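Peer 1: Next up is a structure, given as structure tokens.
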Amino acid sequence: PELRYHPDIDTTYVLTVVIAVFALFSTLMVRARNGHLTRKNYRRTPSMLLRSWGVPLQRVRRALQEIERKTFHLCGLLVPLVHLALLEYGWPQADCVKLVWTITILGWCGDLTRLNVPFVARNWPLRSIMRDHEAHQLTGGCFFSLGCALAIAAAPPDVSSCAIVFLVLGDMAAALVGVSFGGEVAHVKLGRAGKKSVEGSLAMFAICFVVGCVVFAKVPLREYAVGFAAAVATVTELYEPFNLNDNLTIPFFSALALRLALHRIRCCGSCWG
């Protein structure tokens, strides 16, 4: 099966992009979480740092809680990173698909055990970052692993990696910007329950668009394919189609949209050529 959509895009390049993105956003999140020292060795606390970034005072506490959660979610970038590293090492794509499905099945078994065995539930290692409603239902991590498995199985590595980054960074941007600034500029609520903000959705689209354009930098007309996929990811995050968890739907739908759009661009290029 074809592993990429352009002869100048290889796994080394995409792996480099993912590593750079992981390092950049990890640094930003750790800085926001822990504060930093100024030139005069005066420590600015996380609250002070958020206030200096323009976050309203009444939203600082909730923003800090969201940063705590999303810092852990950045670990989701390890999925495309490890996938691409294994391909670089010489693993076949088929073996990578088998591996991700094995990890997904084990994760689901573990979470189902947590829900049905009180001892496991009391000693679950990630209890501190679980949302309240996840105490009695499957966690987002289960749906994340399933979404990644579907994306990796359904699309070439460059496309699936980009789609997973859409989920990790796009959802993070939507949540942090929405919590910090949602409703400050546009007093319009979006989404199924009216809990989403225009600011958060725009932040997600922008992050997805920029990342996609970097990944497919050498693909002609990439902005059209990436823009379409970024819009699909943003709308999916907003409305959660079929009432499914967006950790499942965003990477899968984004991978399908990006694959379709890139295929159409390549077909048009062949016709014009």
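Chain identifiers are assigned as A, B, and so on, following the order in which chains appear in the structure tokens; residues are numbered from 1 within each chain, and ligands are numbered from 1 in order of appearance.
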If we count only C-alpha atoms, what is near Val18 in chain A at a cut-off of 8 Å, once residues fewer than 2 positions away on the same chain are taken out, given as a VMD selection string?
Peer 2: chain A and resid 14 to 16 20 to 22 77 80 to 81
Peer 1: Would you tabulate, counting only C-alpha atoms, all residues of range 97-188 of chain A that have an atom at most 8 Å from an atom of range 217-240 of chain A, showing the closest pair of atoms and their distance in Å to one decimal, sorted by chain then ascending number, as CSV?
Peer 2:
```
residue,atom,partner,partner_atom,distance
A:Phe166,CA,A:Ala233,CA,7.1
A:Leu167,CA,A:Ala233,CA,7.6
A:Gly170,CA,A:Thr234,CA,7.9
A:Asp171,CA,A:Glu237,CA,7.3
```
Peer 1: Compile the contact shell of range 132-140 of chain A as a PyMOL selection string: residues with an atom at most 12 Å away, counting only C-alpha atoms, same-chain residues fewer than 2 positions apart removed.
Peer 2: chain A and resi 69+73+76+107-118+120-122+124+126-130+142-147+244-249
Peer 1: Taking only C-alpha atoms into account, name the residue in A:Glu68, A:Asp95, A:Glu88, A:Glu199 that is nearest to Tyr13 in chain A.
Peer 2: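 Closest residue, counting only C-alpha atoms: A:Glu88.
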